[in-house]
Structures are given as C-alpha cells and as structure tokens.
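Chemist: Before anything else, here's the structure in question.
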Amino acid sequence: MKLFLREQWPLVGVVLLQMAAVTVVFYLEGYRNWKVALYAYLLGFFFLAVYLVYRYASHRRFYEVLSSKQVRIEESIQTLESAPLQAALGELLHTQYRHYQKQILEDERKWQNQITFMNQWVHQMKTPLSVLELLLQDSDEPRDVSMSEETDRIRKGLEMVLYMARLETFEQDFQVETLSLRELVNDVILENKRLFIRSFVYPEIQIDESLRVESDGKWLRFILQQLIANAINYSAGTKQKVTVSATTDDRSVILEVIDQGAGIPASDLSRVFQPFFTGENGRRFKESTGMGLYIVKLVLDKMNHDIKLQSKVGEGTTVRITFPYAARVGGL
C-alpha cells in the first residue's frame, strides 16, 4: 500500500493542479457559481478515488511483490498479474532468470571441470613422487636425505591441494565412524617421523587406548597432520616435545596438540584461522602458507567439532579440539 501511495501522489497532485487551473480560468471569465464549482470538484474527486481503488485492486499483487524483501525470483515471476505493465515486467524477469540460470550452470560446469582436472593431476603427480621416495628411502647420502625432505614437502603440498578440492563436495565425502584416537594420532606421528628427527623435536602421546570419538577418519587424519606439522615446524631446533593429549568430561572428548615452540603474537591470535594469513611467524618460517589452520577450522565447523587456540610468544601453542561425544571400550 505504501509503495502504491508513493507512486500515485504525483497523479493526485496533477489532478488538483488541473482543477485549480480550470477554476481560475472560469473565474477570470466571470463565472461565479461556487456551488456548481464545488459539485464539479466533488465529482472529480469521486472519479479519481474510483480510479485509484481500481488501480490498486488490479495491481495489488504487483505492489506486494515489489515491496517484499524475501520473495524468490521464481515466485515473483509466477505471481505477477496479466496487466500490460506486470506482464512486461514478468517477461523481462523471466528472460533475465533464464540467462542467469544458464550462466550459473556454465560456471558450475567449468568449476567441476577444474576440480576434476586438479584431482587427476594430483593423483598423477603422486605416482612419480612415490617412485622417487622408494629410490631415496634406503640412502644415507646427504644429497639424498635433502631430496627426501623435499619430496616430503611436495607430498604434503599435493595433499593440501587435494583436500582443498574435496571441500567443495564435503557433505558427499563425509562419513562418521567410531575411531580410536590414540591409534589415529600414532599413525600421524609415524607419518611425520622424519620431520620430527630432522627438526630435533620429540613426540609424546598422552591418550588412553580405550578412548573413542565419533568423526570422519580421513578428515580427522588430515586435521591432525596439519596441527602436528605446525607444532613441529614452530618448535624446530628446540629439542622440546610436541605433546598430543586427550581428556574427557561428561559430554565431550578434548584433544590437545601442545608445543613449546616460538608461539604466536597476541596481535595475530584473532586472525590465525583466516585464509592466507601468516602473520609475524610467516616472515620467520618461510614454509607457512596461511591455509592450514583455515582449512582445519572450516572442516571442524562442518563436522560440528570446536577448535580453540592459545599461545604465548616464547612459550608455545596449545590447539584444543572438542568432540561433542565421548565413548570408551566396554562403556566405561
């Protein structure tokens, strides 16, 4: 109604101005019968009111659609009346809708092709990488050891790309299962054995063997890989421990990855989960991409797991993941 009144005010103003002009013309010509003039005014207002009522009744749905903030474009096209103005607008909206639908489908097709190509490329790169790792695994030559370190970095980079691509289809890829937390952590630590050794950092696991969590094993392994790798890199050369521990309460399991490394400045703590943010440590540790913690936070949010990070410069960092349900073998 408000939109209708705002649109019709100029028409009402023009009608009033027209009546006033006609009255002035008759007055200048010597016509002085005010009763007839008043009757003409009332008659004019009556026809104007009838027109406005008809206009609003025939265009009511049109104005409601224009005033609505929540209506979908499909609904707006379907609910417009058949009056010329509404029909023309409906046809325009329908044409634009078809155009944007086509554009969206085309963009989705291109994006899917890009994701498919990226996945295939990563898998193709893994084959020669595995061959290189086999050739280098039994060699103690300094050059070969250095090459093994570089192949480790390449493999982790490829895995990062692969998991980034999988984020687009996370709901289809997600599968909840009961996991032994200690076994999962132990596997990730074994995968990073060479990184621990060359960084002079030592792993420590403080997790009850009977502890179980409900989560996706593949994604949780990736998350632990990121957190443990970060803890090692920021503790490199300190000869300290990276501790992975877990505790329980009545409603949750709390997993902590604790290092005694460089720590994170207080000014950077609020931004560590933002994409591509490396902060002050990114200038000191050149391997930092700023994507690891971002993906970790994104995945944990999708899995309904909470993550918090505490850190102090020079004392280390604690990353805490909370799983909403806890279970022990035998129901203890």
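Letters for chains follow the order of the structure tokens (A, B, ...), residue numbers begin at 1 for each chain, and ligand numbers begin at 1 in the order shown.
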Which of stretch 111-323 of chain A end up as strand (DSSP E) when DSSP is run on this backbone - answer as a ChimeraX atom specification?

Modeler: /A:177-180,202-206,211-215,241-248,253-259,306-312,316-323

Chemist: Pick out the residues sitting within 12 Å of A:Asp301, and hand them over as a list in words; count only C-alpha atoms, and ignore anything fewer than 6 positions along from it in its own chain.

Modeler: Phe170, Phe273, Tyr294, Ile295, Ile307, Lys308, Ile321, Thr322 and Phe323 of chain A

Chemist: Neighbouring residues of A:Gly44 were defined as those with any atom within 9 Å, considering only C-alpha atoms; residues of the same chain fewer than 5 positions away were excluded. Please report them as a VMD selection string.

Modeler: chain A and resid 15 19 39 49

Chemist: Do you know which residues are at most 6 Å from A:Gly261 counting only C-alpha atoms, after dropping those on the same chain fewer than 2 positions away, and could you put them as a PyMOL selection string?

Modeler: chain A and resi 234-235+259+263+316

Chemist: Between atom CA of A:Asn33 and atom CA of A:Phe46, what is the distance, to one decimal in Å?

Modeler: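 Between atom CA of A:Asn33 and atom CA of A:Phe46 the gap is 20.4 Å.
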
Chemist: Point out the residue among A:Asn304, A:Gln225, A:Asn233, A:Thr318 with the least atom-to-atom distance to A:Leu190, counting only C-alpha atoms.

Modeler: A:Gln225

Chemist: Quick one: everything within 12 Å of A:Ser130, counting only C-alpha atoms, minus sequence neighbours fewer than 3 positions away in the same chain. Send it as a list in words.

Modeler: His123, Gln124, Met125, Lys126, Thr127, Glu133, Leu134, Leu135, Leu136, Gln137, Ser148, Thr151, Asp152, Ile154 and Arg155 of chain A

Chemist: Save the residues we just selected, N, CA and C atoms, as a PDB file, in the first residue's frame?

Modeler:
ATOM      1  N   HIS A 123      46.746 -36.869  -8.413  1.00  0.00           N
ATOM      2  CA  HIS A 123      46.966 -38.317  -8.390  1.00  0.00           C
ATOM      3  C   HIS A 123      48.067 -38.730  -9.366  1.00  0.00           C
ATOM      4  N   GLN A 124      48.153 -38.064 -10.503  1.00  0.00           N
ATOM      5  CA  GLN A 124      49.218 -38.373 -11.449  1.00  0.00           C
ATOM      6  C   GLN A 124      50.591 -38.001 -10.892  1.00  0.00           C
ATOM      7  N   MET A 125      50.657 -36.901 -10.155  1.00  0.00           N
ATOM      8  CA  MET A 125      51.925 -36.485  -9.579  1.00  0.00           C
ATOM      9  C   MET A 125      52.375 -37.402  -8.439  1.00  0.00           C
ATOM     10  N   LYS A 126      51.412 -38.058  -7.795  1.00  0.00           N
ATOM     11  CA  LYS A 126      51.761 -38.940  -6.685  1.00  0.00           C
ATOM     12  C   LYS A 126      52.545 -40.173  -7.142  1.00  0.00           C
ATOM     13  N   THR A 127      52.304 -40.626  -8.362  1.00  0.00           N
ATOM     14  CA  THR A 127      53.000 -41.822  -8.851  1.00  0.00           C
ATOM     15  C   THR A 127      54.496 -41.598  -8.998  1.00  0.00           C
ATOM     16  N   GLU A 133      60.521 -41.505  -3.791  1.00  0.00           N
ATOM     17  CA  GLU A 133      60.643 -41.849  -2.374  1.00  0.00           C
ATOM     18  C   GLU A 133      61.206 -43.252  -2.196  1.00  0.00           C
ATOM     19  N   LEU A 134      60.816 -44.186  -3.050  1.00  0.00           N
ATOM     20  CA  LEU A 134      61.358 -45.547  -2.974  1.00  0.00           C
ATOM     21  C   LEU A 134      62.843 -45.570  -3.303  1.00  0.00           C
ATOM     22  N   LEU A 135      63.251 -44.783  -4.267  1.00  0.00           N
ATOM     23  CA  LEU A 135      64.665 -44.730  -4.647  1.00  0.00           C
ATOM     24  C   LEU A 135      65.531 -44.109  -3.557  1.00  0.00           C
ATOM     25  N   LEU A 136      64.926 -43.221  -2.766  1.00  0.00           N
ATOM     26  CA  LEU A 136      65.704 -42.468  -1.784  1.00  0.00           C
ATOM     27  C   LEU A 136      65.623 -43.034  -0.371  1.00  0.00           C
ATOM     28  N   GLN A 137      64.713 -43.938  -0.116  1.00  0.00           N
ATOM     29  CA  GLN A 137      64.428 -44.309   1.271  1.00  0.00           C
ATOM     30  C   GLN A 137      65.574 -45.023   1.978  1.00  0.00           C
ATOM     31  N   SER A 148      64.931 -36.267   0.005  1.00  0.00           N
ATOM     32  CA  SER A 148      63.798 -36.881   0.714  1.00  0.00           C
ATOM     33  C   SER A 148      62.983 -35.825   1.449  1.00  0.00           C
ATOM     34  N   THR A 151      60.858 -34.127  -1.141  1.00  0.00           N
ATOM     35  CA  THR A 151      59.713 -34.943  -1.577  1.00  0.00           C
ATOM     36  C   THR A 151      58.625 -34.958  -0.510  1.00  0.00           C
ATOM     37  N   ASP A 152      59.023 -34.915   0.776  1.00  0.00           N
ATOM     38  CA  ASP A 152      58.023 -34.814   1.851  1.00  0.00           C
ATOM     39  C   ASP A 152      57.204 -33.541   1.701  1.00  0.00           C
ATOM     40  N   ILE A 154      56.714 -31.828  -1.036  1.00  0.00           N
ATOM     41  CA  ILE A 154      55.873 -31.920  -2.228  1.00  0.00           C
ATOM     42  C   ILE A 154      54.628 -32.748  -1.941  1.00  0.00           C
ATOM     43  N   ARG A 155      54.800 -33.889  -1.261  1.00  0.00           N
ATOM     44  CA  ARG A 155      53.658 -34.747  -0.949  1.00  0.00           C
ATOM     45  C   ARG A 155      52.638 -34.010  -0.086  1.00  0.00           C
TER      46      ARG A 155
END

Chemist: Would you please work out which residue, of A:Leu300, A:Ile254, A:Ile205, A:Ala246, is nearest to A:Trp219 when using only C-alpha atoms?

Modeler: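 Of A:Leu300, A:Ile254, A:Ile205, A:Ala246, the one nearest A:Trp219 is A:Leu300, counting only C-alpha atoms.
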
Chemist: Within 9 Å of A:Leu179, counting only C-alpha atoms, which residues qualify if same-chain residues fewer than 6 places away don't, as a list in words?

Modeler: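 Listing them by chain and then by number gives Leu211, Arg212, Val213, Glu214, Ser215, Asp216 and Gly217 of chain A.
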